[in-house]
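Here is structure-v4.pdb, consisting of PDB, C-alpha atoms and all ligand atoms:
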MODEL        1
ATOM      1  CA  MET A  20     -26.760  39.795 -17.120
ATOM      2  CA  ILE A  21     -23.149  40.123 -18.213
ATOM      3  CA  GLU A  22     -21.135  41.947 -15.567
ATOM      4  CA  LYS A  23     -18.072  42.751 -17.667
ATOM      5  CA  SER A  24     -17.679  46.035 -19.540
ATOM      6  CA  ILE A  25     -17.889  46.089 -23.322
ATOM      7  CA  TYR A  26     -14.663  48.155 -23.253
ATOM      8  CA  GLU A  27     -12.618  45.225 -21.885
ATOM      9  CA  ASP A  28     -12.566  43.861 -25.448
ATOM     10  CA  TYR A  29     -13.491  46.895 -27.518
ATOM     11  CA  GLN A  30     -12.114  50.241 -28.582
ATOM     12  CA  ILE A  31     -14.626  52.603 -30.142
ATOM     13  CA  ASN A  32     -14.110  54.157 -33.593
ATOM     14  CA  PHE A  33     -16.189  54.762 -36.682
ATOM     15  CA  SER A  34     -15.795  55.008 -40.457
ATOM     16  CA  ASP A  35     -17.892  54.122 -43.485
ATOM     17  CA  SER A  36     -14.874  54.049 -45.830
ATOM     18  CA  TYR A  37     -12.070  52.308 -43.884
ATOM     19  CA  THR A  38     -11.230  48.813 -45.122
ATOM     20  CA  SER A  39      -9.162  46.007 -43.604
ATOM     21  CA  ASN A  40      -8.115  42.493 -44.574
ATOM     22  CA  ASP A  41      -7.983  41.053 -41.063
ATOM     23  CA  ALA A  42     -11.175  41.737 -39.171
ATOM     24  CA  TYR A  43     -14.175  40.394 -37.276
ATOM     25  CA  TYR A  44     -17.511  40.860 -39.008
ATOM     26  CA  PHE A  45     -20.841  41.258 -37.229
ATOM     27  CA  VAL A  46     -23.087  40.370 -40.171
ATOM     28  CA  PHE A  47     -26.827  40.952 -39.699
ATOM     29  CA  ASN A  48     -29.766  40.172 -41.965
ATOM     30  CA  GLN A  49     -33.021  42.153 -42.258
ATOM     31  CA  ASP A  50     -34.427  40.369 -39.168
ATOM     32  CA  ARG A  51     -31.469  41.541 -36.984
ATOM     33  CA  GLU A  52     -30.126  37.984 -36.894
ATOM     34  CA  LEU A  53     -26.360  37.527 -36.559
ATOM     35  CA  TYR A  54     -24.415  35.215 -38.847
ATOM     36  CA  LEU A  55     -22.101  32.810 -36.998
ATOM     37  CA  ASP A  56     -20.010  29.996 -38.426
ATOM     38  CA  ASN A  57     -19.648  27.085 -35.974
ATOM     39  CA  ASP A  58     -20.627  29.510 -33.190
ATOM     40  CA  ASN A  59     -17.862  31.950 -34.153
ATOM     41  CA  LEU A  60     -17.679  35.371 -35.776
ATOM     42  CA  ILE A  61     -16.504  35.288 -39.359
ATOM     43  CA  ASN A  62     -13.284  36.802 -40.752
ATOM     44  CA  ASN A  63     -14.282  36.837 -44.398
ATOM     45  CA  ILE A  64     -17.357  38.250 -46.099
ATOM     46  CA  SER A  65     -16.419  37.698 -49.742
ATOM     47  CA  SER A  66     -19.285  35.220 -50.209
ATOM     48  CA  PHE A  67     -21.927  37.702 -48.931
ATOM     49  CA  ASN A  68     -24.054  40.141 -50.851
ATOM     50  CA  ILE A  69     -23.264  43.298 -48.857
ATOM     51  CA  ASN A  70     -25.840  46.063 -48.391
ATOM     52  CA  PHE A  71     -23.478  48.171 -46.288
ATOM     53  CA  SER A  72     -20.381  47.775 -44.146
ATOM     54  CA  LEU A  73     -19.333  50.108 -41.329
ATOM     55  CA  TYR A  74     -16.086  50.084 -39.385
ATOM     56  CA  ILE A  75     -16.827  50.372 -35.640
ATOM     57  CA  GLY A  76     -13.355  50.034 -34.075
ATOM     58  CA  GLN A  77     -11.227  47.274 -32.558
ATOM     59  CA  TYR A  78     -12.658  44.094 -31.050
ATOM     60  CA  LYS A  79     -10.253  41.667 -29.314
ATOM     61  CA  ASN A  80      -7.324  43.496 -30.993
ATOM     62  CA  LYS A  81      -8.706  43.206 -34.496
ATOM     63  CA  ASP A  82     -10.626  45.621 -36.692
ATOM     64  CA  CYS A  83     -14.346  45.005 -36.551
ATOM     65  CA  PHE A  84     -17.218  45.835 -38.858
ATOM     66  CA  VAL A  85     -20.993  45.868 -38.835
ATOM     67  CA  VAL A  86     -22.237  44.368 -42.091
ATOM     68  CA  ASN A  87     -25.785  44.191 -43.388
ATOM     69  CA  SER A  88     -26.594  41.365 -45.784
ATOM     70  CA  ASP A  89     -29.448  39.167 -47.038
ATOM     71  CA  PHE A  90     -28.826  35.653 -45.729
ATOM     72  CA  GLU A  91     -31.736  33.381 -44.773
ATOM     73  CA  LYS A  92     -31.283  32.332 -41.182
ATOM     74  CA  GLY A  93     -28.943  33.517 -38.437
ATOM     75  CA  TYR A  94     -29.210  33.699 -34.661
ATOM     76  CA  ASP A  95     -31.346  36.214 -32.828
ATOM     77  CA  LEU A  96     -29.550  38.092 -30.072
ATOM     78  CA  LYS A  97     -31.060  36.050 -27.241
ATOM     79  CA  GLU A  98     -29.768  32.883 -28.905
ATOM     80  CA  VAL A  99     -26.336  34.513 -29.322
ATOM     81  CA  TYR A 100     -26.301  35.204 -25.551
ATOM     82  CA  GLU A 101     -26.707  31.477 -24.852
ATOM     83  CA  ILE A 102     -24.023  30.555 -27.427
ATOM     84  CA  ASP A 103     -21.287  33.034 -26.464
ATOM     85  CA  LYS A 104     -21.641  35.875 -23.931
ATOM     86  CA  ASP A 105     -18.643  37.848 -25.252
ATOM     87  CA  ILE A 106     -20.010  37.827 -28.786
ATOM     88  CA  TYR A 107     -23.446  38.822 -27.462
ATOM     89  CA  LEU A 108     -22.049  41.814 -25.575
ATOM     90  CA  MET A 109     -20.497  43.230 -28.739
ATOM     91  CA  ALA A 110     -23.327  42.129 -31.077
ATOM     92  CA  ALA A 111     -25.771  44.017 -28.837
ATOM     93  CA  LYS A 112     -23.902  47.209 -29.742
ATOM     94  CA  ALA A 113     -23.306  46.278 -33.382
ATOM     95  CA  VAL A 114     -27.022  45.696 -34.011
ATOM     96  CA  LEU A 115     -27.815  49.239 -32.810
ATOM     97  CA  VAL A 116     -25.327  50.638 -35.342
ATOM     98  CA  ASN A 117     -26.991  48.453 -37.997
ATOM     99  CA  ASP A 118     -30.472  49.731 -37.026
ATOM    100  CA  TRP A 119     -29.355  53.386 -36.860
ATOM    101  CA  TYR A 120     -27.821  53.294 -40.344
ATOM    102  CA  ILE A 121     -30.871  51.594 -41.906
ATOM    103  CA  SER A 122     -33.419  53.930 -40.353
ATOM    104  CA  HIS A 123     -31.699  57.294 -41.027
ATOM    105  CA  GLN A 124     -30.865  57.046 -44.723
ATOM    106  CA  PHE A 125     -33.225  59.994 -45.271
ATOM    107  CA  CYS A 126     -33.643  63.047 -43.083
ATOM    108  CA  GLY A 127     -36.707  62.728 -40.835
ATOM    109  CA  ARG A 128     -37.153  66.490 -40.985
ATOM    110  CA  CYS A 129     -36.951  67.308 -44.732
ATOM    111  CA  GLY A 130     -36.619  63.946 -46.534
ATOM    112  CA  THR A 131     -33.216  64.604 -48.141
ATOM    113  CA  GLU A 132     -30.709  61.741 -48.347
ATOM    114  CA  THR A 133     -28.313  61.917 -45.382
ATOM    115  CA  GLU A 134     -24.503  61.725 -45.382
ATOM    116  CA  VAL A 135     -22.154  60.044 -42.908
ATOM    117  CA  ASP A 136     -20.089  62.286 -40.657
ATOM    118  CA  GLU A 137     -17.152  60.097 -39.664
ATOM    119  CA  LYS A 138     -15.999  62.242 -36.767
ATOM    120  CA  ASP A 139     -18.885  61.300 -34.554
ATOM    121  CA  MET A 140     -20.918  58.328 -35.884
ATOM    122  CA  MET A 141     -23.685  60.557 -37.085
ATOM    123  CA  LEU A 142     -25.748  60.947 -40.227
ATOM    124  CA  LYS A 143     -26.171  64.552 -41.314
ATOM    125  CA  CYS A 144     -28.665  66.143 -43.667
ATOM    126  CA  PRO A 145     -26.825  68.209 -46.324
ATOM    127  CA  LYS A 146     -29.933  70.339 -46.927
ATOM    128  CA  CYS A 147     -31.347  71.340 -43.524
ATOM    129  CA  GLY A 148     -28.364  70.415 -41.291
ATOM    130  CA  GLN A 149     -30.352  68.074 -39.022
ATOM    131  CA  VAL A 150     -28.111  65.462 -37.378
ATOM    132  CA  HIS A 151     -29.241  61.890 -36.763
ATOM    133  CA  TYR A 152     -27.567  59.923 -33.977
ATOM    134  CA  PRO A 153     -28.441  56.349 -32.920
ATOM    135  CA  ARG A 154     -31.651  56.502 -30.925
ATOM    136  CA  ILE A 155     -31.639  54.996 -27.436
ATOM    137  CA  ALA A 156     -34.826  54.777 -25.364
ATOM    138  CA  PRO A 157     -34.242  54.976 -21.585
ATOM    139  CA  ALA A 158     -36.538  52.811 -19.498
ATOM    140  CA  ILE A 159     -36.783  52.193 -15.758
ATOM    141  CA  ILE A 160     -37.252  48.915 -13.917
ATOM    142  CA  VAL A 161     -37.794  48.697 -10.182
ATOM    143  CA  ALA A 162     -37.728  45.982  -7.519
ATOM    144  CA  ILE A 163     -40.218  47.060  -4.812
ATOM    145  CA  ARG A 164     -39.841  45.361  -1.466
ATOM    146  CA  ASN A 165     -42.322  45.090   1.402
ATOM    147  CA  GLU A 166     -40.436  43.403   4.260
ATOM    148  CA  ASP A 167     -39.626  39.901   2.885
ATOM    149  CA  LYS A 168     -41.819  40.214  -0.223
ATOM    150  CA  LEU A 169     -41.225  41.468  -3.754
ATOM    151  CA  LEU A 170     -43.878  43.121  -5.934
ATOM    152  CA  MET A 171     -44.428  41.575  -9.353
ATOM    153  CA  ALA A 172     -47.116  42.211 -11.961
ATOM    154  CA  LYS A 173     -48.580  40.491 -14.997
ATOM    155  CA  HIS A 174     -48.072  42.712 -18.055
ATOM    156  CA  SER A 175     -50.528  42.145 -20.898
ATOM    157  CA  TYR A 176     -47.917  42.979 -23.578
ATOM    158  CA  HIS A 177     -45.668  39.999 -22.828
ATOM    159  CA  ASP A 178     -46.033  37.184 -25.354
ATOM    160  CA  ASN A 179     -46.397  34.568 -22.662
ATOM    161  CA  ILE A 180     -48.056  36.398 -19.804
ATOM    162  CA  ARG A 181     -46.041  36.040 -16.644
ATOM    163  CA  TYR A 182     -45.192  38.013 -13.533
ATOM    164  CA  ALA A 183     -42.444  40.606 -13.956
ATOM    165  CA  LEU A 184     -41.075  43.667 -12.208
ATOM    166  CA  ILE A 185     -42.611  47.099 -12.760
ATOM    167  CA  ALA A 186     -40.991  48.777 -15.757
ATOM    168  CA  GLY A 187     -41.662  51.467 -18.316
ATOM    169  CA  PHE A 188     -40.192  54.084 -20.637
ATOM    170  CA  VAL A 189     -38.979  57.455 -19.439
ATOM    171  CA  GLU A 190     -41.291  60.185 -20.789
ATOM    172  CA  PRO A 191     -39.942  63.438 -22.267
ATOM    173  CA  GLY A 192     -39.480  66.105 -19.605
ATOM    174  CA  GLU A 193     -39.169  63.865 -16.536
ATOM    175  CA  SER A 194     -36.205  62.649 -14.503
ATOM    176  CA  ILE A 195     -35.579  58.913 -14.202
ATOM    177  CA  GLU A 196     -36.668  59.044 -10.529
ATOM    178  CA  GLU A 197     -39.919  60.749 -11.541
ATOM    179  CA  ALA A 198     -40.393  58.044 -14.174
ATOM    180  CA  VAL A 199     -40.195  55.346 -11.467
ATOM    181  CA  HIS A 200     -42.732  57.041  -9.171
ATOM    182  CA  ARG A 201     -45.107  57.686 -12.103
ATOM    183  CA  GLU A 202     -44.883  54.128 -13.493
ATOM    184  CA  VAL A 203     -45.454  52.570 -10.065
ATOM    185  CA  SER A 204     -48.425  54.827  -9.417
ATOM    186  CA  GLU A 205     -49.942  54.177 -12.880
ATOM    187  CA  GLU A 206     -49.368  50.429 -12.935
ATOM    188  CA  VAL A 207     -50.116  49.326  -9.379
ATOM    189  CA  GLY A 208     -51.472  52.426  -7.582
ATOM    190  CA  ILE A 209     -49.109  52.378  -4.579
ATOM    191  CA  LYS A 210     -46.552  54.833  -3.200
ATOM    192  CA  ILE A 211     -42.889  53.897  -2.706
ATOM    193  CA  LYS A 212     -40.042  55.307  -0.591
ATOM    194  CA  ASN A 213     -36.244  55.028  -0.296
ATOM    195  CA  LEU A 214     -35.821  54.840  -4.064
ATOM    196  CA  LYS A 215     -32.255  53.948  -4.975
ATOM    197  CA  TYR A 216     -30.578  53.721  -8.395
ATOM    198  CA  LEU A 217     -28.446  50.559  -8.765
ATOM    199  CA  LYS A 218     -27.087  50.050 -12.287
ATOM    200  CA  SER A 219     -27.959  50.068 -15.977
ATOM    201  CA  GLN A 220     -27.910  47.730 -18.964
ATOM    202  CA  SER A 221     -28.014  48.304 -22.699
ATOM    203  CA  TRP A 222     -31.035  46.290 -23.883
ATOM    204  CA  PRO A 223     -31.212  45.998 -27.666
ATOM    205  CA  PHE A 224     -34.831  44.723 -27.870
ATOM    206  CA  PRO A 225     -35.061  46.945 -29.800
ATOM    207  CA  ASN A 226     -33.101  49.915 -28.421
ATOM    208  CA  SER A 227     -33.546  50.455 -24.680
ATOM    209  CA  LEU A 228     -31.224  51.517 -21.921
ATOM    210  CA  MET A 229     -32.573  49.837 -18.784
ATOM    211  CA  LEU A 230     -32.063  51.762 -15.533
ATOM    212  CA  ALA A 231     -32.497  49.512 -12.496
ATOM    213  CA  PHE A 232     -33.769  50.741  -9.123
ATOM    214  CA  GLU A 233     -34.882  49.292  -5.845
ATOM    215  CA  ALA A 234     -37.428  50.823  -3.485
ATOM    216  CA  GLU A 235     -39.568  50.084  -0.443
ATOM    217  CA  TYR A 236     -43.324  50.008  -0.200
ATOM    218  CA  ASP A 237     -44.657  53.139   1.471
ATOM    219  CA  SER A 238     -48.465  53.244   1.334
ATOM    220  CA  GLY A 239     -51.642  52.433  -0.600
ATOM    221  CA  ASP A 240     -53.406  49.291  -1.817
ATOM    222  CA  ILE A 241     -52.472  47.520  -5.047
ATOM    223  CA  LYS A 242     -54.810  48.631  -7.790
ATOM    224  CA  VAL A 243     -54.213  47.571 -11.413
ATOM    225  CA  ASP A 244     -55.699  49.069 -14.584
ATOM    226  CA  GLY A 245     -56.650  45.634 -16.012
ATOM    227  CA  ASP A 246     -55.373  46.777 -19.395
ATOM    228  CA  GLU A 247     -51.581  47.129 -19.353
ATOM    229  CA  ILE A 248     -51.326  45.365 -15.988
ATOM    230  CA  LEU A 249     -53.636  42.410 -15.420
ATOM    231  CA  LYS A 250     -52.652  41.454 -11.882
ATOM    232  CA  ALA A 251     -50.036  42.350  -9.269
ATOM    233  CA  LYS A 252     -49.074  40.750  -6.005
ATOM    234  CA  TRP A 253     -46.361  40.319  -3.376
ATOM    235  CA  PHE A 254     -44.091  37.277  -3.655
ATOM    236  CA  LYS A 255     -41.904  35.639  -1.032
ATOM    237  CA  LYS A 256     -38.552  34.560  -2.453
ATOM    238  CA  ASP A 257     -39.507  30.886  -2.802
ATOM    239  CA  GLU A 258     -42.733  31.812  -4.633
ATOM    240  CA  ILE A 259     -41.001  33.712  -7.442
ATOM    241  CA  ILE A 260     -41.069  32.006 -10.835
ATOM    242  CA  ARG A 261     -37.690  32.677 -12.431
ATOM    243  CA  TYR A 262     -37.092  33.561 -16.076
ATOM    244  CA  ALA A 263     -35.648  30.932 -18.395
ATOM    245  CA  SER A 264     -32.576  33.099 -19.090
ATOM    246  CA  ASP A 265     -30.358  35.337 -16.958
ATOM    247  CA  ILE A 266     -29.751  37.770 -19.837
ATOM    248  CA  SER A 267     -31.672  40.731 -18.369
ATOM    249  CA  ILE A 268     -31.099  43.237 -15.596
ATOM    250  CA  SER A 269     -34.595  42.245 -14.467
ATOM    251  CA  ASP A 270     -33.291  38.773 -13.628
ATOM    252  CA  TRP A 271     -30.326  40.398 -11.851
ATOM    253  CA  LEU A 272     -32.720  42.474  -9.683
ATOM    254  CA  ILE A 273     -34.739  39.385  -8.745
ATOM    255  CA  GLN A 274     -31.556  37.472  -7.890
ATOM    256  CA  ARG A 275     -30.433  40.413  -5.727
ATOM    257  CA  PHE A 276     -33.748  40.331  -3.826
ATOM    258  CA  ILE A 277     -33.424  36.564  -3.270
ATOM    259  CA  ASP A 278     -29.790  36.897  -2.109
ATOM    260  CA  ASN A 279     -30.690  39.638   0.377
ATOM    261  CA  ASN A 280     -33.531  37.724   1.986
TER     262      ASN A 280
HETATM  263 ZN    ZN B   1     -33.017  67.596 -43.647
ENDMDL
END

Go ahead and render the structure in this file as C-alpha cells.
Ligand SMILES: [Zn+2]
Amino acid sequence: MIEKSIYEDYQINFSDSYTSNDAYYFVFNQDRELYLDNDNLINNISSFNINFSLYIGQYKNKDCFVVNSDFEKGYDLKEVYEIDKDIYLMAAKAVLVNDWYISHQFCGRCGTETEVDEKDMMLKCPKCGQVHYPRIAPAIIVAIRNEDKLLMAKHSYHDNIRYALIAGFVEPGESIEEAVHREVSEEVGIKIKNLKYLKSQSWPFPNSLMLAFEAEYDSGDIKVDGDEILKAKWFKKDEIIRYASDISISDWLIQRFIDNN
C-alpha cells in the first residue's frame, strides 16, 4: 500500500461552478476507468463530451477537477496503481466523488432532484431537506497469529479463489472491535485475544474504508461455514502465497507478519 498521505500533494476544496484554465483533470468513464495520456493526467478536456465537472481543490499546486465523460477505454484503478502511485492515490479519491455525484442526483427519501451545497461537498434535497454525502463503507481486516503461524481463509466471493485474511463489513450498531470478533467467530469459529488496531486505508473497490487489526489466537477449533468461507488454515511465513500486487492493506498486514517472524 502507499504509505504517503494524500494531503502531501492535495488541498481539499469543492465547487460545481468554479472554472480554471490551468488544471489537472481526473476524467472517468461510466466504468470508473481513468483517462491518461502517455501515462499522465490531462490538462485539457476540450475534446471530451462532458457529463459533469466538479472542482475538488488543488493537486500538486494546480486546480484539479473530477470529470465524467463517455470515452471507450481507460485504465481501471488497479492498473493506475501500477502505472503511477501518486496518480492512483488521488484518483482513488476522485472516483468516490464521481460515484457520489452520479448516485445522488435524486433524493433517496422523496425522489426530488437534489442540489449541490458547495460549502460541504453535499447534495441536498430542496423538498424534504435530506442531505446526501459520499457513502463510505467501513470494513475490518485482521491478521490472526498463533505462535509462528498466520490464519488465512478461502473466501468463495473472490473471482479466483485464494487464501486471504479474515475481513468483513462493519454492521450498523457495532464498534469496529466488535466487528472483528463477530467476523472471526462467524467465518472461522475461533476466539481471539489481544486485538490491536494498526492503521486504515481508503479502498475504492467500490467504496470501503479498510481498518486493519492484528490479534492472537485464543481458543476453539477452526470451523468454516462452507458457504462464504470454503477452507481456513494456519500458514507458516514461507507457506504464504503472496498477492500479485502490493496495493492493499491486506498485503501490508501479511508483509508485517513475515517481517516479524
Ligand atoms: Zn427529498

(message) Applying the PyMOL selection byres (((chain A and resi 86) around 8) and not hetatm) to the file I just gave you, which residues come out? Please list them as a VMD selection string.
(response) chain A and resid 44 to 47 69 to 73 84 to 85 87 to 88 117

(message) If the PyMOL selection byres (((chain A and resi 198) around 12) and not hetatm) were run on this exact file, what residues would it hold? Put them as a VMD selection string.
(response) chain A and resid 157 to 161 185 to 197 199 to 206 214 230 to 232

(request) Would you translate the PyMOL selection byres (((chain A and resi 258) around 12) and not hetatm) into the concrete set of residues it matches in this file, as a list in words? (result)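 With the PyMOL selection byres (((chain A and resi 258) around 12) and not hetatm) on this model, the match is Asp167, Lys168, Leu169, Leu170, Met171, Tyr182, Lys252, Trp253, Phe254, Lys255, Lys256, Asp257, Ile259, Ile260, Arg261, Ile273 and Ile277 of chain A.
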
(request) Around ligand ZN 1 (chain B), at most 10 Å away and counting all atoms listed in the file, which residues are there? Put them as a list in words, please. (result)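 Result of the 10 Å neighbour search around ligand ZN 1 (chain B): Phe125, Cys126, Gly127, Arg128, Cys129, Gly130, Thr131, Glu132, Thr133, Lys143, Cys144, Pro145, Lys146, Cys147, Gly148, Gln149, Val150 and His151 of chain A.
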
Axis-aligned box for segment 225-241 of chain A, 4 Å per side, centre and edges in Å as lines of an AutoDock Vina configuration file:
center_x = -42.3
center_y = 50.1
center_z = -14.2
size_x = 30.2
size_y = 14.3
size_z = 39.3

(message) When you look at segment 95-111 of chain A with a cut-off of 10 Å (counting only C-alpha atoms), what residues show up, excluding the ones that are within fewer than 4 positions of it in the same chain? I need them as a PyMOL selection string.
(response) chain A and resi 20-21+23-26+28-29+44-47+50-55+58-60+78+85+115-116+221-226+264-266

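With distances restricted to only C-alpha atoms, A:Asp41 is the closest residue to Asn63 of chain A from A:Asp240, A:Glu233, A:Glu27, A:Asp41.
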
(request) Calculate how many Å separate atom CA of Lys79 of chain A from atom CA of Gly93 of chain A, rounding to one decimal. (result)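 Going from atom CA of Lys79 of chain A over to atom CA of Gly93 of chain A covers 22.3 Å.
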
(message) Could you tell me how far atom CA of His174 of chain A sits from atom CA of Ile248 of chain A, in Å to one decimal place?
(response)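 So the answer is 4.7 Å.
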
(message) What's the separation between atom CA of Arg154 of chain A and atom CA of Ala42 of chain A, in Å to one decimal place?
(response) 26.6 Å

Generate the missing atoms of segment 162-185 of chain A up to N, CA and C atoms and report them as a PDB file, keeping the file's coordinate frame.
ATOM      1  N   ALA A 162     -37.392  47.060  -8.450  1.00  0.00           N
ATOM      2  CA  ALA A 162     -37.728  45.982  -7.519  1.00  0.00           C
ATOM      3  C   ALA A 162     -38.278  46.636  -6.257  1.00  0.00           C
ATOM      4  N   ILE A 163     -39.581  46.444  -5.981  1.00  0.00           N
ATOM      5  CA  ILE A 163     -40.218  47.060  -4.812  1.00  0.00           C
ATOM      6  C   ILE A 163     -40.388  45.996  -3.731  1.00  0.00           C
ATOM      7  N   ARG A 164     -39.849  46.314  -2.562  1.00  0.00           N
ATOM      8  CA  ARG A 164     -39.841  45.361  -1.466  1.00  0.00           C
ATOM      9  C   ARG A 164     -40.814  45.815  -0.372  1.00  0.00           C
ATOM     10  N   ASN A 165     -41.513  44.837   0.211  1.00  0.00           N
ATOM     11  CA  ASN A 165     -42.322  45.090   1.402  1.00  0.00           C
ATOM     12  C   ASN A 165     -41.929  44.008   2.411  1.00  0.00           C
ATOM     13  N   GLU A 166     -41.050  44.360   3.335  1.00  0.00           N
ATOM     14  CA  GLU A 166     -40.436  43.403   4.260  1.00  0.00           C
ATOM     15  C   GLU A 166     -39.776  42.261   3.480  1.00  0.00           C
ATOM     16  N   ASP A 167     -40.299  41.006   3.587  1.00  0.00           N
ATOM     17  CA  ASP A 167     -39.626  39.901   2.885  1.00  0.00           C
ATOM     18  C   ASP A 167     -40.314  39.557   1.569  1.00  0.00           C
ATOM     19  N   LYS A 168     -41.097  40.509   1.025  1.00  0.00           N
ATOM     20  CA  LYS A 168     -41.819  40.214  -0.223  1.00  0.00           C
ATOM     21  C   LYS A 168     -41.454  41.197  -1.332  1.00  0.00           C
ATOM     22  N   LEU A 169     -41.560  40.691  -2.561  1.00  0.00           N
ATOM     23  CA  LEU A 169     -41.225  41.468  -3.754  1.00  0.00           C
ATOM     24  C   LEU A 169     -42.494  41.641  -4.599  1.00  0.00           C
ATOM     25  N   LEU A 170     -42.688  42.856  -5.115  1.00  0.00           N
ATOM     26  CA  LEU A 170     -43.878  43.121  -5.934  1.00  0.00           C
ATOM     27  C   LEU A 170     -43.624  42.737  -7.388  1.00  0.00           C
ATOM     28  N   MET A 171     -44.522  41.910  -7.933  1.00  0.00           N
ATOM     29  CA  MET A 171     -44.428  41.575  -9.353  1.00  0.00           C
ATOM     30  C   MET A 171     -45.817  41.681  -9.970  1.00  0.00           C
ATOM     31  N   ALA A 172     -45.839  41.978 -11.280  1.00  0.00           N
ATOM     32  CA  ALA A 172     -47.116  42.211 -11.961  1.00  0.00           C
ATOM     33  C   ALA A 172     -47.161  41.464 -13.278  1.00  0.00           C
ATOM     34  N   LYS A 173     -48.378  41.141 -13.693  1.00  0.00           N
ATOM     35  CA  LYS A 173     -48.580  40.491 -14.997  1.00  0.00           C
ATOM     36  C   LYS A 173     -48.859  41.561 -16.035  1.00  0.00           C
ATOM     37  N   HIS A 174     -47.934  41.710 -16.991  1.00  0.00           N
ATOM     38  CA  HIS A 174     -48.072  42.712 -18.055  1.00  0.00           C
ATOM     39  C   HIS A 174     -48.769  42.070 -19.255  1.00  0.00           C
ATOM     40  N   SER A 175     -49.773  42.735 -19.777  1.00  0.00           N
ATOM     41  CA  SER A 175     -50.528  42.145 -20.898  1.00  0.00           C
ATOM     42  C   SER A 175     -49.720  42.100 -22.186  1.00  0.00           C
ATOM     43  N   TYR A 176     -48.655  42.924 -22.308  1.00  0.00           N
ATOM     44  CA  TYR A 176     -47.917  42.979 -23.578  1.00  0.00           C
ATOM     45  C   TYR A 176     -46.868  41.887 -23.718  1.00  0.00           C
ATOM     46  N   HIS A 177     -46.603  41.112 -22.670  1.00  0.00           N
ATOM     47  CA  HIS A 177     -45.668  39.999 -22.828  1.00  0.00           C
ATOM     48  C   HIS A 177     -46.326  38.906 -23.671  1.00  0.00           C
ATOM     49  N   ASP A 178     -45.504  38.243 -24.478  1.00  0.00           N
ATOM     50  CA  ASP A 178     -46.033  37.184 -25.354  1.00  0.00           C
ATOM     51  C   ASP A 178     -46.651  36.072 -24.508  1.00  0.00           C
ATOM     52  N   ASN A 179     -45.844  35.555 -23.584  1.00  0.00           N
ATOM     53  CA  ASN A 179     -46.397  34.568 -22.662  1.00  0.00           C
ATOM     54  C   ASN A 179     -46.564  35.293 -21.322  1.00  0.00           C
ATOM     55  N   ILE A 180     -47.787  35.527 -20.943  1.00  0.00           N
ATOM     56  CA  ILE A 180     -48.056  36.398 -19.804  1.00  0.00           C
ATOM     57  C   ILE A 180     -47.520  35.787 -18.515  1.00  0.00           C
ATOM     58  N   ARG A 181     -46.637  36.528 -17.877  1.00  0.00           N
ATOM     59  CA  ARG A 181     -46.041  36.040 -16.644  1.00  0.00           C
ATOM     60  C   ARG A 181     -45.802  37.229 -15.722  1.00  0.00           C
ATOM     61  N   TYR A 182     -45.476  36.947 -14.485  1.00  0.00           N
ATOM     62  CA  TYR A 182     -45.192  38.013 -13.533  1.00  0.00           C
ATOM     63  C   TYR A 182     -43.796  38.591 -13.766  1.00  0.00           C
ATOM     64  N   ALA A 183     -43.719  39.919 -13.735  1.00  0.00           N
ATOM     65  CA  ALA A 183     -42.444  40.606 -13.956  1.00  0.00           C
ATOM     66  C   ALA A 183     -42.392  41.839 -13.064  1.00  0.00           C
ATOM     67  N   LEU A 184     -41.214  42.452 -13.003  1.00  0.00           N
ATOM     68  CA  LEU A 184     -41.075  43.667 -12.208  1.00  0.00           C
ATOM     69  C   LEU A 184     -41.740  44.844 -12.924  1.00  0.00           C
ATOM     70  N   ILE A 185     -42.018  45.890 -12.173  1.00  0.00           N
ATOM     71  CA  ILE A 185     -42.611  47.099 -12.760  1.00  0.00           C
ATOM     72  C   ILE A 185     -41.554  47.799 -13.614  1.00  0.00           C
TER      73      ILE A 185
END
